[in-house]
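Asker: If you scroll down you'll find the structure; I have some questions about it.
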Protein chains: 2
Amino acid sequence: MARAERKTAGAAAPRRRRADEIVAAAAKVFARRGYHGASTQDIADVLGIRQASLYYYFQSKESALEAVCADGVEDYALRALAIQRGPGGAADKVAQLVIQHLAPMRERLDFTLAFLRERRFLPEPARKRIRAIEKRYERIIERVIQEGIGSGEFRADLDARMATLALLGLGNSAALWYGREPGATHERIVQSYVELLLRAFRVDGAPPLARMH
Amino acid sequence: MARAERKTAGAAAPRRRRADEIVAAAAKVFARRGYHGASTQDIADVLGIRQASLYYYFQSKESALEAVCADGVEDYALRALAIQRGPGGAADKVAQLVIQHLAPMRERLDFTLAFLRERRFLPEPARKRIRAIEKRYERIIERVIQEGIGSGEFRADLDARMATLALLGLGNSAALWYGREPGATHERIVQSYVELLLRAFRVDGAPPLARMH
DNA sequence: GACTTTACCTATAGTACTATAGGCAACGGA
DNA sequence: TCCGTTGCCTATAGTACTATAGGTAAAGTC
């Protein structure tokens, strides 16, 4: 049993750090087995502690899910806002938005997957809180696209709402098979998806796309 | 209780028909609550029968899920094959593939959602069977895209595998919000997504897209 | 009209899961 | 060195869920 080390870790690991480990374990288990398919025992097993000990860290399984989902989504809106307000044309910004959207797949795939697939099982109040963050994120993306249409960079007949949903849907779909699709490196996905979306959005005859780093 | 009518329905409803109703009820419940979040009691409630009576129709909850998933996916490959073998250029075929992919959202959304989200909970043998159907479908799409590249209709530098995953990811993502996204009619989604994908796939300077039907 | 099949029903065994109650050892500060 | 806090632990109450066993009324078959 890998829990002997934990017995005397009180000093070295400050409270917040350990709480993050608990949430990360929950994310992992929720991502793999689904919220309802995962038992609190499964989460405890990952941590090497007893099932009941989890309740020292969270009130209920549902609140653990909310913590996971919040961790899975809250950074997106923040980074997107920085991009939207930053320098560059709409095409640059869309490229950056795609890059930042796909970035968490690398290190935090469990959080992303748990958020995408399990957030709908949150109780109403928590789901509303999570949904509010999502909506903010969506609106930032939609605004970037709108601005691209306004500036003439994107097609005048582009449906900004559908384009937003397409960008998100495309980005999110990658998380569903990332790591199980042979040959699909992170870089290749980013490169392809940015190119596909920009070609779909931009006016005919726009200058060729710059290769990204 | 709405089950009185069932008591004497043996004659009017042939066995196969009733079995389909059972599977449809399972699809509905799995789509709404998720496989693990759904109880056999929930399914029985939809049908107005007792929980144990379900086991007259299926061996286990898992086998019900397999039936739902099979129903959710098996037609795709068949219709895609007809399109791939049929007349028309690659752009036409991609448009048709998108249209047929999005078609089941209208009437059979429960099957689609249950398939997309719950198939991963199938036991290994069943999951393999379902996965085989999926793979066939994917390969047909990829072949159409490859043929488009070969014929010069699509860009020579298009990444066919990524393009395939993009088409599928985009199509599937629509199912996740279909019906809850105000203003997003079926027609609007189809129109937008076909246009986005064809612009992303086709060579620069290709003739403008034909308006569909 | 007896016999079989269909499409359910009741009852329950057996299991698994969440969450609470109460305890305790080690550590950190005074 | 005493005491409060932290980070677990054991034990269990209470609930819910799957699947089986066995029954039965009506419809269909001969």
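All residue names refer to the structure tokens as shown: chains lettered A, B, ... in order, residues numbered from 1 in each chain, ligands numbered from 1 in order.
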Give me the chain C side of the contact with chain B, cut-off 8 Å, one line per residue showing its nearest atom pair and distance in Å at one decimal, counting only C-alpha atoms (C1' of nucleotides), sorted by chain and residue number, as a Markdown table.

Answerer:
```
| residue | atom | partner | partner_atom | distance |
| --- | --- | --- | --- | --- |
| C:DT6 | C1' | B:Gly10 | CA | 6.9 |
| C:DA7 | C1' | B:Gly10 | CA | 6.8 |
| C:DC8 | C1' | B:Ser53 | CA | 6.4 |
| C:DC9 | C1' | B:Arg50 | CA | 7.7 |
```

Asker: Using only C-alpha atoms (C1' of nucleotides), I'd like every residue of chain D that has an atom within 7 Å of chain A; please write them out as an mmCIF file with N, CA and C atoms (P, O5', C5', C4', C3', O3' and C1' of nucleotides), in the first residue's frame.

Answerer:
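What ended up in selection_39.cif:
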```
data_model
loop_
_atom_site.group_PDB
_atom_site.id
_atom_site.type_symbol
_atom_site.label_atom_id
_atom_site.label_comp_id
_atom_site.auth_asym_id
_atom_site.auth_seq_id
_atom_site.Cartn_x
_atom_site.Cartn_y
_atom_site.Cartn_z
ATOM 1 P P DT D 6 -6.450 23.314 11.299
ATOM 2 O "O5'" DT D 6 -5.670 22.033 10.770
ATOM 3 C "C5'" DT D 6 -4.239 22.036 10.831
ATOM 4 C "C4'" DT D 6 -3.707 20.699 10.359
ATOM 5 C "C3'" DT D 6 -4.440 20.093 9.162
ATOM 6 O "O3'" DT D 6 -3.454 19.666 8.230
ATOM 7 C "C1'" DT D 6 -4.361 18.523 10.940
ATOM 8 P P DG D 7 -3.828 19.265 6.753
ATOM 9 O "O5'" DG D 7 -3.925 17.690 6.891
ATOM 10 C "C5'" DG D 7 -2.763 16.959 7.276
ATOM 11 C "C4'" DG D 7 -3.140 15.514 7.484
ATOM 12 C "C3'" DG D 7 -4.022 14.917 6.376
ATOM 13 O "O3'" DG D 7 -3.495 13.651 6.013
ATOM 14 C "C1'" DG D 7 -4.970 14.515 8.467
ATOM 15 P P DC D 8 -3.908 12.954 4.615
ATOM 16 O "O5'" DC D 8 -5.415 12.478 4.806
ATOM 17 C "C5'" DC D 8 -5.807 11.105 4.915
ATOM 18 C "C4'" DC D 8 -5.436 10.517 6.252
ATOM 19 C "C3'" DC D 8 -6.215 9.267 6.616
ATOM 20 O "O3'" DC D 8 -5.543 8.125 6.104
ATOM 21 C "C1'" DC D 8 -6.134 10.766 8.475
#
```

Asker: Quick check for you: according to DSSP on this backbone, which residues of chain A are classed as alpha helix (DSSP H)? Reply as a PyMOL selection string.

Answerer: chain A and resi 15-33+40-47+61-85+90-102+104-107+109-118+124-150+160-177+186-201

Asker: Which residues of chain A come within 9 Å of chain B, and for each one, what is the closest pair of atoms and their distance in Å to one decimal, counting only C-alpha atoms, sorted by chain and residue number, as JSON lines?

Answerer:
```
{"residue": "A:Arg33", "atom": "CA", "partner": "B:Phe121", "partner_atom": "CA", "distance": 7.7}
{"residue": "A:Gly34", "atom": "CA", "partner": "B:His36", "partner_atom": "CA", "distance": 7.9}
{"residue": "A:Tyr35", "atom": "CA", "partner": "B:His36", "partner_atom": "CA", "distance": 8.2}
{"residue": "A:His36", "atom": "CA", "partner": "B:His36", "partner_atom": "CA", "distance": 5.2}
{"residue": "A:Gly37", "atom": "CA", "partner": "B:His36", "partner_atom": "CA", "distance": 5.3}
{"residue": "A:Ala38", "atom": "CA", "partner": "B:His36", "partner_atom": "CA", "distance": 8.9}
{"residue": "A:Arg117", "atom": "CA", "partner": "B:Arg117", "partner_atom": "CA", "distance": 7.6}
{"residue": "A:Arg120", "atom": "CA", "partner": "B:Arg33", "partner_atom": "CA", "distance": 8.9}
{"residue": "A:Phe121", "atom": "CA", "partner": "B:Arg33", "partner_atom": "CA", "distance": 7.7}
{"residue": "A:Leu158", "atom": "CA", "partner": "B:Ser192", "partner_atom": "CA", "distance": 8.2}
{"residue": "A:Asp159", "atom": "CA", "partner": "B:Ser192", "partner_atom": "CA", "distance": 7.0}
{"residue": "A:Arg161", "atom": "CA", "partner": "B:Ala184", "partner_atom": "CA", "distance": 8.8}
{"residue": "A:Met162", "atom": "CA", "partner": "B:Ser192", "partner_atom": "CA", "distance": 6.6}
{"residue": "A:Ala163", "atom": "CA", "partner": "B:Ser192", "partner_atom": "CA", "distance": 7.8}
{"residue": "A:Leu165", "atom": "CA", "partner": "B:Ala174", "partner_atom": "CA", "distance": 8.1}
{"residue": "A:Ala166", "atom": "CA", "partner": "B:Leu170", "partner_atom": "CA", "distance": 6.2}
{"residue": "A:Leu167", "atom": "CA", "partner": "B:Leu170", "partner_atom": "CA", "distance": 8.5}
{"residue": "A:Leu168", "atom": "CA", "partner": "B:Ser173", "partner_atom": "CA", "distance": 8.5}
{"residue": "A:Gly169", "atom": "CA", "partner": "B:Ser173", "partner_atom": "CA", "distance": 5.0}
{"residue": "A:Leu170", "atom": "CA", "partner": "B:Leu170", "partner_atom": "CA", "distance": 5.4}
{"residue": "A:Gly171", "atom": "CA", "partner": "B:Gly169", "partner_atom": "CA", "distance": 8.5}
{"residue": "A:Asn172", "atom": "CA", "partner": "B:Ser173", "partner_atom": "CA", "distance": 8.0}
{"residue": "A:Ser173", "atom": "CA", "partner": "B:Gly169", "partner_atom": "CA", "distance": 5.0}
{"residue": "A:Ala174", "atom": "CA", "partner": "B:Gly169", "partner_atom": "CA", "distance": 7.4}
{"residue": "A:Ala184", "atom": "CA", "partner": "B:Met162", "partner_atom": "CA", "distance": 8.0}
{"residue": "A:Arg188", "atom": "CA", "partner": "B:Met162", "partner_atom": "CA", "distance": 8.4}
{"residue": "A:Ile189", "atom": "CA", "partner": "B:Met162", "partner_atom": "CA", "distance": 7.1}
{"residue": "A:Ser192", "atom": "CA", "partner": "B:Met162", "partner_atom": "CA", "distance": 6.6}
{"residue": "A:Tyr193", "atom": "CA", "partner": "B:Ala166", "partner_atom": "CA", "distance": 7.7}
{"residue": "A:Glu195", "atom": "CA", "partner": "B:Ala200", "partner_atom": "CA", "distance": 7.6}
{"residue": "A:Leu196", "atom": "CA", "partner": "B:Ala200", "partner_atom": "CA", "distance": 4.8}
{"residue": "A:Leu197", "atom": "CA", "partner": "B:Ala200", "partner_atom": "CA", "distance": 6.7}
{"residue": "A:Leu198", "atom": "CA", "partner": "B:Ala200", "partner_atom": "CA", "distance": 7.7}
{"residue": "A:Arg199", "atom": "CA", "partner": "B:Ala200", "partner_atom": "CA", "distance": 4.9}
{"residue": "A:Ala200", "atom": "CA", "partner": "B:Leu196", "partner_atom": "CA", "distance": 4.7}
{"residue": "A:Phe201", "atom": "CA", "partner": "B:Leu196", "partner_atom": "CA", "distance": 7.3}
{"residue": "A:Asp204", "atom": "CA", "partner": "B:Gly205", "partner_atom": "CA", "distance": 7.6}
{"residue": "A:Gly205", "atom": "CA", "partner": "B:Gly205", "partner_atom": "CA", "distance": 7.6}
```

Asker: So that I can see what lies close to Cys69 of chain B, please list as a PyMOL selection string the residues with an atom at most 8 Å from it, counting only C-alpha atoms (C1' of nucleotides) and leaving out residues fewer than 6 positions away in the same chain.

Answerer: chain B and resi 111-112+114-115+119+130

Asker: May I have the residues from that selection written out with C-alpha atoms, as a tab-separated table (two decimals), in the first residue's frame?

Answerer:
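Final file, result35.tsv:
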```tsv
chain	number	residue	atom	x	y	z
B	111	PHE	CA	-29.46	7.33	-29.86
B	112	THR	CA	-26.76	9.63	-31.15
B	114	ALA	CA	-26.10	7.80	-25.99
B	115	PHE	CA	-23.73	6.42	-28.59
B	119	ARG	CA	-20.28	3.73	-25.70
B	130	ILE	CA	-19.20	-0.94	-32.02
```

Asker: Mind giving me the straight-line distance from atom CA of Ala67 of chain B to atom CA of Ala44 of chain B in Å, one decimal?

Answerer: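 Computing it gives 16.2 Å between the two atoms.
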
Asker: Smallest atom-to-atom distance to DT15 of chain C: which of D:DA11, D:DC2, D:DA25, D:DC17, using only C-alpha atoms (C1' of nucleotides)?

Answerer: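 Among D:DA11, D:DC2, D:DA25, D:DC17, it is D:DC17 that comes nearest to DT15 of chain C.
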
Asker: From the list C:DG23, C:DA2, C:DT10, C:DG29, which residue is nearest DT5 of chain D when using only C-alpha atoms (C1' of nucleotides)?

Answerer: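 Closest to DT5 of chain D, using only C-alpha atoms (C1' of nucleotides): C:DG29.
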
Asker: When you look at DG14 of chain C with a cut-off of 12 Å (counting only C-alpha atoms (C1' of nucleotides)), what residues show up, excluding the ones that are within fewer than 5 positions of it in the same chain? I need them as a list in words.

Answerer: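 Once the nearby chain positions are removed, what remains is DC17, DT18, DA19 and DT20 of chain D.
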
Asker: Please dump the current selection as a PDB file, in the first residue's frame; keep N, CA and C atoms (P, O5', C5', C4', C3', O3' and C1' of nucleotides).

Answerer:
```pdb
ATOM      1  P    DC D  17     -31.497   4.007  -7.686  1.00  0.00           P
ATOM      2  O5'  DC D  17     -30.620   3.047  -8.577  1.00  0.00           O
ATOM      3  C5'  DC D  17     -29.243   2.781  -8.225  1.00  0.00           C
ATOM      4  C4'  DC D  17     -28.932   1.325  -8.504  1.00  0.00           C
ATOM      5  C3'  DC D  17     -29.834   0.696  -9.553  1.00  0.00           C
ATOM      6  O3'  DC D  17     -29.068   0.386 -10.714  1.00  0.00           O
ATOM      7  C1'  DC D  17     -29.538  -0.743  -7.670  1.00  0.00           C
ATOM      8  P    DT D  18     -29.793  -0.283 -11.974  1.00  0.00           P
ATOM      9  O5'  DT D  18     -29.316  -1.797 -11.841  1.00  0.00           O
ATOM     10  C5'  DT D  18     -27.943  -2.104 -11.972  1.00  0.00           C
ATOM     11  C4'  DT D  18     -27.722  -3.585 -11.762  1.00  0.00           C
ATOM     12  C3'  DT D  18     -28.338  -4.484 -12.835  1.00  0.00           C
ATOM     13  O3'  DT D  18     -27.343  -5.422 -13.226  1.00  0.00           O
ATOM     14  C1'  DT D  18     -29.084  -5.160 -10.678  1.00  0.00           C
ATOM     15  P    DA D  19     -27.509  -6.284 -14.582  1.00  0.00           P
ATOM     16  O5'  DA D  19     -28.194  -7.597 -14.013  1.00  0.00           O
ATOM     17  C5'  DA D  19     -27.533  -8.290 -12.957  1.00  0.00           C
ATOM     18  C4'  DA D  19     -28.465  -9.321 -12.360  1.00  0.00           C
ATOM     19  C3'  DA D  19     -29.256 -10.162 -13.373  1.00  0.00           C
ATOM     20  O3'  DA D  19     -28.869 -11.507 -13.206  1.00  0.00           O
ATOM     21  C1'  DA D  19     -30.634  -9.423 -11.592  1.00  0.00           C
ATOM     22  P    DT D  20     -29.462 -12.672 -14.137  1.00  0.00           P
ATOM     23  O5'  DT D  20     -30.262 -13.578 -13.097  1.00  0.00           O
ATOM     24  C5'  DT D  20     -29.743 -13.715 -11.776  1.00  0.00           C
ATOM     25  C4'  DT D  20     -30.778 -14.338 -10.880  1.00  0.00           C
ATOM     26  C3'  DT D  20     -31.644 -15.421 -11.533  1.00  0.00           C
ATOM     27  O3'  DT D  20     -31.726 -16.532 -10.641  1.00  0.00           O
ATOM     28  C1'  DT D  20     -33.026 -13.814 -10.531  1.00  0.00           C
TER      29       DT D  20
END
```

Asker: Which residues come within 12 Å of DG22 of chain C, counting only C-alpha atoms (C1' of nucleotides), excluding same-chain residues fewer than 4 positions away, as a tab-separated table (two decimals) with C-alpha atoms (C1' of nucleotides), in the first residue's frame?

Answerer:
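Everything below was put into part-v2.tsv:
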```tsv
chain	number	residue	atom	x	y	z
D	9	DC	C1'	-8.52	6.11	10.49
D	10	DT	C1'	-12.53	2.41	11.75
D	11	DA	C1'	-17.15	1.26	11.76
D	12	DT	C1'	-21.57	1.58	10.15
```

Asker: Please, what distance in Å, to one decimal, runs between atom CA of Asp110 of chain B and atom CA of Gly179 of chain B?

Answerer: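 Result for atom CA of Asp110 of chain B versus atom CA of Gly179 of chain B: 11.7 Å, one decimal.
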